[in-house]
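Enquirer: What follows is the file model_38.tsv, containing TSV, C-alpha atoms and all ligand atoms:
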chain	number	residue	atom	x	y	z
A	20	MET	CA	-57.92	-9.29	28.94
A	21	SER	CA	-60.03	-9.67	32.05
A	22	ASN	CA	-62.17	-12.77	32.47
A	23	ARG	CA	-64.85	-10.89	34.37
A	24	ALA	CA	-68.18	-10.40	32.69
A	25	VAL	CA	-68.81	-6.83	31.56
A	26	ALA	CA	-72.46	-7.58	30.95
A	27	GLY	CA	-74.85	-10.51	30.99
A	28	PRO	CA	-74.12	-13.66	28.97
A	29	GLU	CA	-76.73	-12.60	26.37
A	30	ILE	CA	-74.60	-9.61	25.32
A	31	GLU	CA	-71.38	-11.66	25.36
A	32	LYS	CA	-73.12	-14.22	23.13
A	33	LEU	CA	-74.22	-11.49	20.70
A	34	ILE	CA	-70.63	-10.17	20.52
A	35	GLN	CA	-69.21	-13.68	19.99
A	36	LEU	CA	-71.58	-14.39	17.12
A	37	LEU	CA	-71.02	-11.01	15.45
A	38	ALA	CA	-67.26	-11.69	15.61
A	39	LYS	CA	-67.83	-14.69	13.31
A	40	LEU	CA	-68.99	-12.46	10.45
A	41	PRO	CA	-66.39	-11.95	7.73
A	42	GLY	CA	-64.95	-8.45	8.09
A	43	LEU	CA	-65.58	-8.18	11.83
A	44	GLY	CA	-62.99	-9.11	14.47
A	45	PRO	CA	-63.51	-9.32	18.25
A	46	ARG	CA	-63.07	-5.57	18.77
A	47	SER	CA	-65.24	-4.45	15.87
A	48	ALA	CA	-67.85	-7.02	16.97
A	49	ARG	CA	-68.08	-5.24	20.33
A	50	ARG	CA	-68.51	-1.91	18.55
A	51	ALA	CA	-71.15	-3.46	16.30
A	52	ALA	CA	-73.00	-4.93	19.30
A	53	LEU	CA	-72.99	-1.60	21.11
A	54	HIS	CA	-74.12	0.18	17.96
A	55	LEU	CA	-76.99	-2.31	17.60
A	56	ILE	CA	-78.02	-1.87	21.24
A	57	LYS	CA	-77.95	1.92	20.99
A	58	LYS	CA	-79.87	1.93	17.69
A	59	LYS	CA	-82.43	-0.53	18.94
A	60	ASP	CA	-85.41	0.80	16.97
A	61	GLN	CA	-83.55	1.83	13.81
A	62	LEU	CA	-81.20	-1.14	13.49
A	63	LEU	CA	-81.38	-3.95	16.06
A	64	ILE	CA	-85.11	-4.63	15.73
A	65	PRO	CA	-85.16	-4.43	11.88
A	66	LEU	CA	-82.03	-6.59	11.60
A	67	ALA	CA	-83.36	-9.20	14.02
A	68	ARG	CA	-86.56	-9.25	11.96
A	69	ALA	CA	-84.69	-9.49	8.62
A	70	MET	CA	-82.66	-12.40	9.99
A	71	GLY	CA	-85.81	-14.11	11.20
A	72	VAL	CA	-87.31	-13.75	7.71
A	73	ALA	CA	-84.09	-15.11	6.22
A	74	VAL	CA	-84.18	-18.11	8.56
A	75	ASP	CA	-87.79	-18.85	7.63
A	76	SER	CA	-87.77	-18.19	3.92
A	77	ILE	CA	-84.35	-18.36	2.28
A	78	GLY	CA	-83.58	-21.50	0.34
A	79	VAL	CA	-81.72	-22.71	-2.73
A	80	CYS	CA	-83.26	-22.27	-6.20
A	81	SER	CA	-83.96	-25.77	-7.55
A	82	THR	CA	-83.16	-24.56	-11.08
A	83	CYS	CA	-79.95	-22.54	-10.79
A	84	GLY	CA	-78.71	-23.11	-7.24
A	85	THR	CA	-78.61	-19.48	-6.05
A	86	VAL	CA	-80.09	-18.47	-2.71
A	87	ASP	CA	-83.39	-16.63	-2.59
A	88	THR	CA	-86.70	-16.47	-0.79
A	89	THR	CA	-88.59	-17.88	-3.77
A	90	ASP	CA	-88.12	-21.05	-5.84
A	91	PRO	CA	-87.60	-20.59	-8.74
A	92	CYS	CA	-85.50	-17.60	-7.75
A	93	THR	CA	-85.96	-13.94	-8.74
A	94	ILE	CA	-83.54	-14.36	-11.66
A	95	CYS	CA	-84.91	-17.66	-13.00
A	96	SER	CA	-88.46	-16.31	-12.91
A	97	ASP	CA	-87.63	-12.95	-14.55
A	98	PRO	CA	-89.34	-13.05	-17.99
A	99	ARG	CA	-87.16	-10.22	-19.36
A	100	ARG	CA	-83.99	-12.29	-19.14
A	101	ASP	CA	-82.45	-14.19	-22.06
A	102	THR	CA	-83.27	-17.84	-21.38
A	103	GLY	CA	-80.79	-19.04	-24.03
A	104	THR	CA	-77.63	-18.14	-22.11
A	105	ILE	CA	-76.53	-19.77	-18.87
A	106	VAL	CA	-73.58	-18.29	-17.01
A	107	VAL	CA	-71.93	-20.96	-14.87
A	108	VAL	CA	-70.37	-19.70	-11.62
A	109	GLU	CA	-68.68	-21.41	-8.70
A	110	ASP	CA	-70.51	-19.55	-5.99
A	111	VAL	CA	-73.48	-17.29	-5.30
A	112	ALA	CA	-71.00	-14.49	-4.49
A	113	ASP	CA	-69.75	-14.68	-8.10
A	114	LEU	CA	-73.31	-14.50	-9.43
A	115	TRP	CA	-73.89	-11.37	-7.33
A	116	ALA	CA	-70.62	-9.86	-8.56
A	117	LEU	CA	-71.56	-10.44	-12.23
A	118	GLU	CA	-75.01	-8.97	-11.66
A	119	ARG	CA	-73.45	-5.87	-10.10
A	120	ALA	CA	-71.32	-5.58	-13.24
A	121	GLY	CA	-74.56	-5.69	-15.25
A	122	ALA	CA	-72.60	-7.53	-17.95
A	123	LEU	CA	-75.27	-9.79	-19.40
A	124	ASN	CA	-79.04	-10.21	-19.20
A	125	CYS	CA	-78.72	-13.93	-18.61
A	126	ARG	CA	-79.56	-16.79	-16.32
A	127	TYR	CA	-77.08	-18.61	-14.12
A	128	HIS	CA	-75.97	-21.95	-12.80
A	129	VAL	CA	-74.22	-22.14	-9.43
A	130	LEU	CA	-71.82	-25.08	-9.25
A	131	GLY	CA	-71.32	-24.94	-5.50
A	132	GLY	CA	-67.53	-25.11	-5.77
A	133	THR	CA	-64.85	-26.52	-8.05
A	134	LEU	CA	-63.44	-29.94	-8.75
A	135	SER	CA	-60.66	-30.57	-6.26
A	136	PRO	CA	-59.43	-34.19	-6.04
A	137	LEU	CA	-57.10	-33.33	-3.15
A	138	ASP	CA	-60.08	-32.13	-1.10
A	139	GLY	CA	-62.18	-35.08	-2.24
A	140	ILE	CA	-64.52	-32.88	-4.29
A	141	GLY	CA	-65.65	-34.72	-7.42
A	142	PRO	CA	-68.30	-34.03	-10.10
A	143	ASP	CA	-71.09	-35.45	-7.93
A	144	ASP	CA	-70.35	-32.88	-5.22
A	145	LEU	CA	-71.14	-30.06	-7.68
A	146	THR	CA	-74.34	-29.36	-9.64
A	147	ILE	CA	-72.85	-30.49	-12.95
A	148	THR	CA	-75.50	-33.16	-13.67
A	149	ALA	CA	-78.24	-30.58	-13.12
A	150	LEU	CA	-76.48	-28.28	-15.59
A	151	LEU	CA	-76.34	-31.04	-18.22
A	152	GLU	CA	-80.05	-31.68	-17.67
A	153	ARG	CA	-80.86	-27.99	-18.17
A	154	VAL	CA	-78.94	-28.04	-21.48
A	155	ALA	CA	-80.48	-31.36	-22.58
A	156	ALA	CA	-83.96	-29.92	-21.95
A	157	GLY	CA	-83.30	-27.59	-24.89
A	158	GLY	CA	-83.45	-23.87	-25.60
A	159	ILE	CA	-79.90	-23.14	-24.44
A	160	ARG	CA	-77.64	-21.58	-27.08
A	161	GLU	CA	-74.63	-20.68	-24.97
A	162	ILE	CA	-72.91	-21.72	-21.75
A	163	VAL	CA	-70.53	-19.08	-20.36
A	164	LEU	CA	-68.02	-20.66	-17.98
A	165	ALA	CA	-67.49	-17.77	-15.55
A	166	VAL	CA	-65.30	-19.68	-13.11
A	167	ASN	CA	-62.35	-18.27	-11.21
A	168	ALA	CA	-59.00	-18.10	-13.03
A	169	THR	CA	-57.51	-20.61	-10.60
A	170	VAL	CA	-56.21	-24.10	-11.33
A	171	GLU	CA	-59.34	-25.65	-9.81
A	172	GLY	CA	-61.62	-23.27	-11.71
A	173	GLN	CA	-59.97	-24.02	-15.05
A	174	THR	CA	-59.94	-27.78	-14.36
A	175	THR	CA	-63.65	-27.59	-13.66
A	176	ALA	CA	-64.22	-25.59	-16.87
A	177	HIS	CA	-62.42	-28.24	-18.93
A	178	TYR	CA	-64.38	-31.03	-17.29
A	179	ILE	CA	-67.72	-29.31	-17.99
A	180	THR	CA	-66.69	-28.61	-21.61
A	181	ASP	CA	-65.94	-32.31	-22.08
A	182	ARG	CA	-69.30	-33.31	-20.67
A	183	LEU	CA	-71.11	-30.79	-22.91
A	184	ARG	CA	-69.46	-32.11	-26.07
A	185	GLY	CA	-72.06	-33.50	-28.48
A	186	LEU	CA	-74.78	-31.24	-27.13
A	187	ASP	CA	-75.83	-28.42	-29.46
A	188	VAL	CA	-74.54	-25.56	-27.35
A	189	SER	CA	-71.75	-23.03	-27.66
A	190	VAL	CA	-69.32	-22.99	-24.72
A	191	THR	CA	-67.52	-19.73	-23.98
A	192	ARG	CA	-65.41	-18.43	-21.16
A	193	LEU	CA	-64.70	-15.00	-19.75
A	194	ALA	CA	-62.20	-12.96	-21.76
A	195	HIS	CA	-58.68	-12.71	-20.49
A	196	GLY	CA	-58.67	-9.70	-18.31
A	197	VAL	CA	-59.49	-11.66	-15.21
A	198	PRO	CA	-56.14	-11.67	-13.38
A	199	VAL	CA	-54.52	-15.11	-13.12
A	200	GLY	CA	-55.23	-16.49	-9.68
A	201	GLY	CA	-57.83	-13.81	-9.09
A	202	GLU	CA	-61.28	-14.35	-7.67
A	203	LEU	CA	-64.27	-12.78	-9.40
A	204	ASP	CA	-65.88	-11.45	-6.29
A	205	TYR	CA	-62.91	-9.16	-5.60
A	206	LEU	CA	-62.76	-7.62	-9.07
A	207	ASP	CA	-64.01	-4.16	-9.91
A	208	GLU	CA	-67.20	-4.01	-11.92
A	209	GLY	CA	-65.65	-2.44	-15.03
A	210	THR	CA	-63.13	-5.26	-15.43
A	211	LEU	CA	-65.87	-7.84	-14.99
A	212	ALA	CA	-68.13	-6.13	-17.54
A	213	GLN	CA	-65.31	-5.98	-20.11
A	214	ALA	CA	-64.27	-9.58	-19.52
A	215	MET	CA	-67.86	-10.59	-20.06
A	216	LYS	CA	-68.24	-8.63	-23.31
A	217	ALA	CA	-64.99	-10.01	-24.80
A	218	ARG	CA	-65.65	-13.61	-23.82
A	219	THR	CA	-64.08	-16.16	-26.14
A	220	GLN	CA	-64.82	-19.66	-27.48
A	221	PHE	CA	-63.64	-22.31	-25.00
B	8	MET	CA	-73.98	-1.11	-10.69
B	9	SER	CA	-77.08	-2.78	-12.05
B	10	ASN	CA	-80.46	-1.86	-10.62
B	11	ARG	CA	-81.86	-5.32	-11.19
B	12	ALA	CA	-82.65	-7.42	-8.16
B	13	VAL	CA	-80.23	-10.30	-7.62
B	14	ALA	CA	-82.54	-11.87	-5.08
B	15	GLY	CA	-85.79	-11.15	-3.31
B	16	PRO	CA	-86.27	-7.91	-1.35
B	17	GLU	CA	-85.81	-9.81	1.93
B	18	ILE	CA	-82.15	-10.55	1.10
B	19	GLU	CA	-81.56	-6.99	-0.18
B	20	LYS	CA	-83.00	-5.70	3.09
B	21	LEU	CA	-80.70	-7.95	5.12
B	22	ILE	CA	-77.68	-6.68	3.16
B	23	GLN	CA	-78.75	-3.04	3.57
B	24	LEU	CA	-79.11	-3.40	7.33
B	25	LEU	CA	-75.80	-5.26	7.73
B	26	ALA	CA	-74.10	-2.44	5.80
B	27	LYS	CA	-75.11	-0.06	8.60
B	28	LEU	CA	-72.94	-1.88	11.14
B	29	PRO	CA	-69.67	-0.09	11.94
B	30	GLY	CA	-66.84	-1.94	10.20
B	31	LEU	CA	-68.98	-3.28	7.34
B	32	GLY	CA	-69.40	-1.49	3.98
B	33	PRO	CA	-71.79	-2.44	1.17
B	34	ARG	CA	-69.46	-5.10	-0.25
B	35	SER	CA	-68.56	-6.71	3.06
B	36	ALA	CA	-72.25	-6.62	4.02
B	37	ARG	CA	-73.02	-8.78	0.97
B	38	ARG	CA	-70.29	-11.22	2.01
B	39	ALA	CA	-71.62	-11.23	5.55
B	40	ALA	CA	-75.19	-11.88	4.33
B	41	LEU	CA	-74.05	-14.76	2.15
B	42	HIS	CA	-71.96	-16.17	4.99
B	43	LEU	CA	-75.02	-16.00	7.28
B	44	ILE	CA	-77.24	-17.70	4.70
B	45	LYS	CA	-74.72	-20.48	4.11
B	46	LYS	CA	-74.10	-21.02	7.83
B	47	LYS	CA	-77.79	-21.00	8.64
B	48	ASP	CA	-77.69	-23.45	11.55
B	49	GLN	CA	-74.32	-22.44	12.98
B	50	LEU	CA	-74.61	-18.67	12.63
B	51	LEU	CA	-77.81	-17.17	11.17
B	52	ILE	CA	-80.25	-18.89	13.53
B	53	PRO	CA	-78.15	-18.32	16.70
B	54	LEU	CA	-77.49	-14.68	15.74
B	55	ALA	CA	-81.17	-14.01	14.95
B	56	ARG	CA	-82.01	-15.54	18.33
B	57	ALA	CA	-79.32	-13.53	20.18
B	58	MET	CA	-80.65	-10.34	18.59
B	59	GLY	CA	-84.20	-11.24	19.56
B	60	VAL	CA	-83.04	-11.75	23.17
B	61	ALA	CA	-81.22	-8.41	23.00
B	62	VAL	CA	-84.36	-6.68	21.72
B	63	ASP	CA	-86.45	-8.16	24.53
B	64	SER	CA	-84.10	-7.89	27.45
B	65	ILE	CA	-81.36	-5.28	27.07
B	66	GLY	CA	-81.85	-2.03	28.88
B	67	VAL	CA	-79.91	0.67	30.71
B	68	CYS	CA	-78.76	0.10	34.31
B	69	SER	CA	-80.64	2.59	36.50
B	70	THR	CA	-77.60	2.89	38.77
B	71	CYS	CA	-74.59	3.29	36.46
B	72	GLY	CA	-76.05	3.76	32.98
B	73	THR	CA	-74.36	0.83	31.23
B	74	VAL	CA	-76.33	-1.54	29.01
B	75	ASP	CA	-77.19	-5.01	30.26
B	76	THR	CA	-79.97	-7.55	30.45
B	77	THR	CA	-80.43	-7.02	34.19
B	78	ASP	CA	-81.06	-3.90	36.29
B	79	PRO	CA	-78.95	-3.34	38.35
B	80	CYS	CA	-76.38	-4.52	35.84
B	81	THR	CA	-73.88	-7.38	36.17
B	82	ILE	CA	-71.20	-4.98	37.42
B	83	CYS	CA	-73.37	-3.04	39.91
B	84	SER	CA	-74.67	-6.28	41.40
B	85	ASP	CA	-71.25	-7.98	41.66
B	86	PRO	CA	-70.55	-8.28	45.43
B	87	ARG	CA	-66.81	-8.79	44.87
B	88	ARG	CA	-66.32	-5.30	43.46
B	89	ASP	CA	-65.07	-2.33	45.46
B	90	THR	CA	-68.16	-0.20	46.05
B	91	GLY	CA	-66.08	2.78	47.20
B	92	THR	CA	-64.64	3.66	43.79
B	93	ILE	CA	-66.68	4.94	40.86
B	94	VAL	CA	-64.98	5.26	37.48
B	95	VAL	CA	-66.76	7.88	35.38
B	96	VAL	CA	-66.75	7.22	31.62
B	97	GLU	CA	-68.31	8.98	28.66
B	98	ASP	CA	-69.66	5.89	26.97
B	99	VAL	CA	-70.37	2.19	27.49
B	100	ALA	CA	-67.59	1.42	24.98
B	101	ASP	CA	-65.09	3.07	27.35
B	102	LEU	CA	-66.41	1.01	30.27
B	103	TRP	CA	-65.91	-2.15	28.21
B	104	ALA	CA	-62.39	-1.02	27.24
B	105	LEU	CA	-61.42	-0.42	30.89
B	106	GLU	CA	-62.85	-3.79	31.90
B	107	ARG	CA	-60.80	-5.50	29.19
B	108	ALA	CA	-57.74	-3.76	30.62
B	109	GLY	CA	-58.69	-5.27	34.01
B	110	ALA	CA	-57.26	-2.14	35.60
B	111	LEU	CA	-59.49	-1.77	38.63
B	112	ASN	CA	-62.08	-3.81	40.52
B	113	CYS	CA	-64.49	-0.89	40.60
B	114	ARG	CA	-67.96	0.29	39.72
B	115	TYR	CA	-68.74	2.76	36.96
B	116	HIS	CA	-70.84	5.72	35.95
B	117	VAL	CA	-71.67	6.25	32.29
B	118	LEU	CA	-72.16	9.95	31.49
B	119	GLY	CA	-73.70	9.38	28.09
B	120	GLY	CA	-71.42	11.89	26.36
B	121	THR	CA	-69.54	15.08	27.16
B	122	LEU	CA	-70.45	18.69	27.70
B	123	SER	CA	-70.49	20.40	24.33
B	124	PRO	CA	-72.11	23.87	24.24
B	125	LEU	CA	-71.69	24.06	20.45
B	126	ASP	CA	-73.77	20.90	20.06
B	127	GLY	CA	-76.26	22.07	22.68
B	128	ILE	CA	-75.22	19.36	25.15
B	129	GLY	CA	-75.40	20.68	28.71
B	130	PRO	CA	-75.15	19.07	32.17
B	131	ASP	CA	-78.80	18.01	32.10
B	132	ASP	CA	-78.19	15.95	28.95
B	133	LEU	CA	-75.64	13.82	30.83
B	134	THR	CA	-76.08	11.71	33.96
B	135	ILE	CA	-74.18	14.16	36.19
B	136	THR	CA	-77.02	14.69	38.68
B	137	ALA	CA	-77.33	10.93	39.12
B	138	LEU	CA	-73.59	10.77	39.81
B	139	LEU	CA	-73.84	13.47	42.48
B	140	GLU	CA	-76.73	11.57	44.07
B	141	ARG	CA	-74.65	8.37	44.18
B	142	VAL	CA	-71.84	10.26	45.93
B	143	ALA	CA	-74.24	12.05	48.30
B	144	ALA	CA	-75.73	8.69	49.31
B	145	GLY	CA	-72.38	7.92	50.92
B	146	GLY	CA	-69.81	5.14	50.88
B	147	ILE	CA	-67.86	6.52	47.90
B	148	ARG	CA	-64.18	7.28	48.62
B	149	GLU	CA	-62.95	8.03	45.11
B	150	ILE	CA	-64.25	9.23	41.76
B	151	VAL	CA	-61.94	8.41	38.84
B	152	LEU	CA	-62.66	10.68	35.87
B	153	ALA	CA	-61.81	8.32	33.00
B	154	VAL	CA	-62.97	10.64	30.23
B	155	ASN	CA	-61.33	11.01	26.84
B	156	ALA	CA	-58.31	13.31	26.59
B	157	THR	CA	-60.24	15.64	24.29
B	158	VAL	CA	-61.25	19.25	24.93
B	159	GLU	CA	-64.84	18.18	25.60
B	160	GLY	CA	-63.74	15.34	27.88
B	161	GLN	CA	-61.49	17.62	29.94
B	162	THR	CA	-64.16	20.36	30.10
B	163	THR	CA	-66.59	17.76	31.42
B	164	ALA	CA	-64.01	16.55	33.98
B	165	HIS	CA	-63.52	20.10	35.28
B	166	TYR	CA	-67.26	20.66	35.51
B	167	ILE	CA	-67.81	17.44	37.47
B	168	THR	CA	-64.89	18.26	39.79
B	169	ASP	CA	-66.48	21.65	40.54
B	170	ARG	CA	-69.82	20.04	41.31
B	171	LEU	CA	-68.17	17.48	43.61
B	172	ARG	CA	-66.37	20.13	45.64
B	173	GLY	CA	-67.50	20.07	49.26
B	174	LEU	CA	-68.43	16.40	49.10
B	175	ASP	CA	-66.11	14.09	51.03
B	176	VAL	CA	-64.67	12.28	48.03
B	177	SER	CA	-61.30	12.14	46.32
B	178	VAL	CA	-61.37	13.02	42.63
B	179	THR	CA	-58.67	11.51	40.42
B	180	ARG	CA	-58.10	11.28	36.72
B	181	LEU	CA	-56.28	8.80	34.49
B	182	ALA	CA	-52.50	9.17	34.47
B	183	HIS	CA	-50.89	10.89	31.56
B	184	GLY	CA	-50.15	8.15	29.14
B	185	VAL	CA	-53.45	8.51	27.35
B	186	PRO	CA	-52.41	10.25	24.11
B	187	VAL	CA	-53.74	13.79	23.75
B	188	GLY	CA	-56.79	13.72	21.52
B	189	GLY	CA	-56.97	9.96	21.83
B	190	GLU	CA	-60.09	7.96	22.53
B	191	LEU	CA	-60.01	5.26	25.21
B	192	ASP	CA	-61.73	2.62	23.18
B	193	TYR	CA	-58.91	2.58	20.61
B	194	LEU	CA	-56.07	2.22	23.13
B	195	ASP	CA	-54.25	-1.02	23.79
B	196	GLU	CA	-55.00	-2.69	27.08
B	197	GLY	CA	-51.50	-2.32	28.55
B	198	THR	CA	-51.56	1.45	28.15
B	199	LEU	CA	-54.99	1.64	29.70
B	200	ALA	CA	-53.97	-0.54	32.65
B	201	GLN	CA	-50.87	1.59	33.30
B	202	ALA	CA	-52.78	4.86	33.00
B	203	MET	CA	-55.26	3.54	35.52
B	204	LYS	CA	-52.58	2.46	38.02
B	205	ALA	CA	-50.73	5.81	37.85
B	206	ARG	CA	-53.86	7.95	38.10
B	207	THR	CA	-53.29	11.33	39.75
B	208	GLN	CA	-55.19	13.78	41.93
B	209	PHE	CA	-57.42	16.04	39.80
C	1	ZN	ZN	-82.72	-19.72	-10.02
C	2	ZN	ZN	-74.91	-0.71	36.70
Is it possible to express this structure as structure tokens?
Expert:
Amino acid sequence: MSNRAVAGPEIEKLIQLLAKLPGLGPRSARRAALHLIKKKDQLLIPLARAMGVAVDSIGVCSTCGTVDTTDPCTICSDPRRDTGTIVVVEDVADLWALERAGALNCRYHVLGGTLSPLDGIGPDDLTITALLERVAAGGIREIVLAVNATVEGQTTAHYITDRLRGLDVSVTRLAHGVPVGGELDYLDEGTLAQAMKARTQF
Amino acid sequence: MSNRAVAGPEIEKLIQLLAKLPGLGPRSARRAALHLIKKKDQLLIPLARAMGVAVDSIGVCSTCGTVDTTDPCTICSDPRRDTGTIVVVEDVADLWALERAGALNCRYHVLGGTLSPLDGIGPDDLTITALLERVAAGGIREIVLAVNATVEGQTTAHYITDRLRGLDVSVTRLAHGVPVGGELDYLDEGTLAQAMKARTQF
């Protein structure tokens, strides 16, 4: 690899930043940069604009914790959704995966991770208190714990179940069908939809 | 796949545009969008800025045809480069690939494609006239035809060689070593460097 500049530092910077996107390595980042430069009007300008809008307007929903350009988010403010069911997920990516599966017409709660004592992540580092407050406010019939089938995910599910005890709410989890050790976001939509339908009492 | 919006149209738009980058599909584009949103300060803001700079300042070098933020480009205005050798490539990606190989301290000429009568691409659709003018202006000892080892690439090489006949310049091509049917941008750097060193008279 030569150390000489092929183009100005602005292009090198663009390539370096693109290489940080998941799914793109250094070589594919160069291809992506060149593609962007060649498709200036059709792709580079619209993408630069979309990113600018994202910078200015995307935030975290103060109710459920997902990311959106409005607060409350698109999902929390959708009147056609069942307000009695909250699906608890670790991450926004899991929420998106469940929505793609179209499994349930529900609302969500994004934990922001899982309990992990070894990494120093305790209950206060997740949005568990906010979840308890949503349940305590009333109107919630069911909490679906749609966490990953990992040790941390299941530990977190047990912890939340304990904290919900005494509140008048049914706690369910995804049906077995989620592979052990598997992460929701990588599952096909059919499996996710089935696991959601066959969810069991926790 | 559900048709319901998971988030506002701004985020959907960002995902759609990211999915148009080579190397990213619809699913990896969602991951990339989420990664950008989560790494707002470290990645989204710098990348939006780098794209804005690219929109405002990247153009085509009027001498060699590569893309850069200056005209003449970084390579054409580098005083340490041998001005007597012009390496002719089909595409900017090939120029970048040869520079990564560090094979030659040369200047370049980007054709912008290959002759392809079936696709209606003739000599006037490429920068062949500009190449002849560079040679006619004097000071060029050697033209290296670093085109792809495809039928179109070789047809283009023969055409350029014919047009250069009578001008006082040596015309060479990359050594065999480039796989038949192969494209430069996919080759490893060692192969490219060797092919460049062992280039032969055309
Ligand atoms: Zn929300
Ligand atoms: Zn140039």
Enquirer: Pick out the chain A residues within 8 Å of chain B. Count only C-alpha atoms. Give them as an MDAnalysis selection string.
Expert: chainID A and resid 20:21 23:27 29:30 32:33 36:37 39:43 47 50:51 53:56 59 62:74 77 86:89 92:94 111:112 115 118:121 208
Enquirer: Can you work out which one of B:Ala137, B:Val176, B:Cys83, B:Val158 has the shortest atom-to-atom distance to Ser123 (chain B), counting only C-alpha atoms?
Expert: B:Val158
Enquirer: Show me, as an NGL selection string, the residues that have an atom within 12 Å of Ile147 (chain A) when counting all atoms listed in the file, minus same-chain residues fewer than 2 positions from it.
Expert: :A and (83-84 or 107-109 or 128-134 or 141-145 or 149-154 or 175-176 or 178-183)
Enquirer: What is the distance between CA of Arg87 (chain B) and CA of Ala182 (chain B), in Å to one decimal?
Expert: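 Here the two named atoms are 25.2 Å from each other.
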Enquirer: Generate the missing atoms of region 104-122 of chain B up to N, CA and C atoms and report them as a compact mmCIF listing (two decimals), in the coordinates of the input.
Expert:
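Everything below was put into part-v1.txt:
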# COMPACT_ATOMS: atom_id res chain seq x y z
N ALA B 104 -63.84 -1.09 27.47
CA ALA B 104 -62.39 -1.02 27.24
C ALA B 104 -61.63 -1.11 28.56
N LEU B 105 -62.09 -0.39 29.58
CA LEU B 105 -61.42 -0.42 30.89
C LEU B 105 -61.54 -1.80 31.53
N GLU B 106 -62.68 -2.45 31.36
CA GLU B 106 -62.85 -3.79 31.90
C GLU B 106 -61.92 -4.79 31.21
N ARG B 107 -61.74 -4.62 29.90
CA ARG B 107 -60.80 -5.50 29.19
C ARG B 107 -59.39 -5.30 29.72
N ALA B 108 -59.06 -4.04 30.08
CA ALA B 108 -57.74 -3.76 30.62
C ALA B 108 -57.59 -4.37 32.01
N GLY B 109 -58.72 -4.68 32.67
CA GLY B 109 -58.69 -5.27 34.01
C GLY B 109 -57.97 -4.39 35.01
N ALA B 110 -58.09 -3.07 34.84
CA ALA B 110 -57.26 -2.14 35.60
C ALA B 110 -57.70 -1.99 37.05
N LEU B 111 -59.00 -2.09 37.30
CA LEU B 111 -59.49 -1.77 38.63
C LEU B 111 -60.76 -2.57 38.89
N ASN B 112 -60.92 -3.02 40.13
CA ASN B 112 -62.08 -3.81 40.52
C ASN B 112 -63.18 -2.89 41.05
N CYS B 113 -63.68 -2.04 40.17
CA CYS B 113 -64.49 -0.89 40.60
C CYS B 113 -65.92 -0.97 40.09
N ARG B 114 -66.67 0.07 40.39
CA ARG B 114 -67.96 0.29 39.72
C ARG B 114 -67.81 1.48 38.78
N TYR B 115 -68.84 1.73 38.01
CA TYR B 115 -68.74 2.76 36.96
C TYR B 115 -69.90 3.74 37.01
N HIS B 116 -69.72 4.81 36.23
CA HIS B 116 -70.84 5.72 35.95
C HIS B 116 -70.70 6.20 34.51
N VAL B 117 -71.71 5.90 33.72
CA VAL B 117 -71.67 6.25 32.29
C VAL B 117 -72.37 7.59 32.09
N LEU B 118 -71.61 8.60 31.64
CA LEU B 118 -72.16 9.95 31.49
C LEU B 118 -73.13 10.06 30.31
N GLY B 119 -72.87 9.28 29.28
CA GLY B 119 -73.70 9.38 28.09
C GLY B 119 -73.23 10.47 27.14
N GLY B 120 -71.97 10.87 27.26
CA GLY B 120 -71.42 11.89 26.36
C GLY B 120 -70.56 12.88 27.12
N THR B 121 -70.32 14.03 26.52
CA THR B 121 -69.54 15.08 27.16
C THR B 121 -70.27 16.40 26.99
N LEU B 122 -69.93 17.34 27.85
CA LEU B 122 -70.45 18.69 27.70
C LEU B 122 -69.98 19.25 26.37
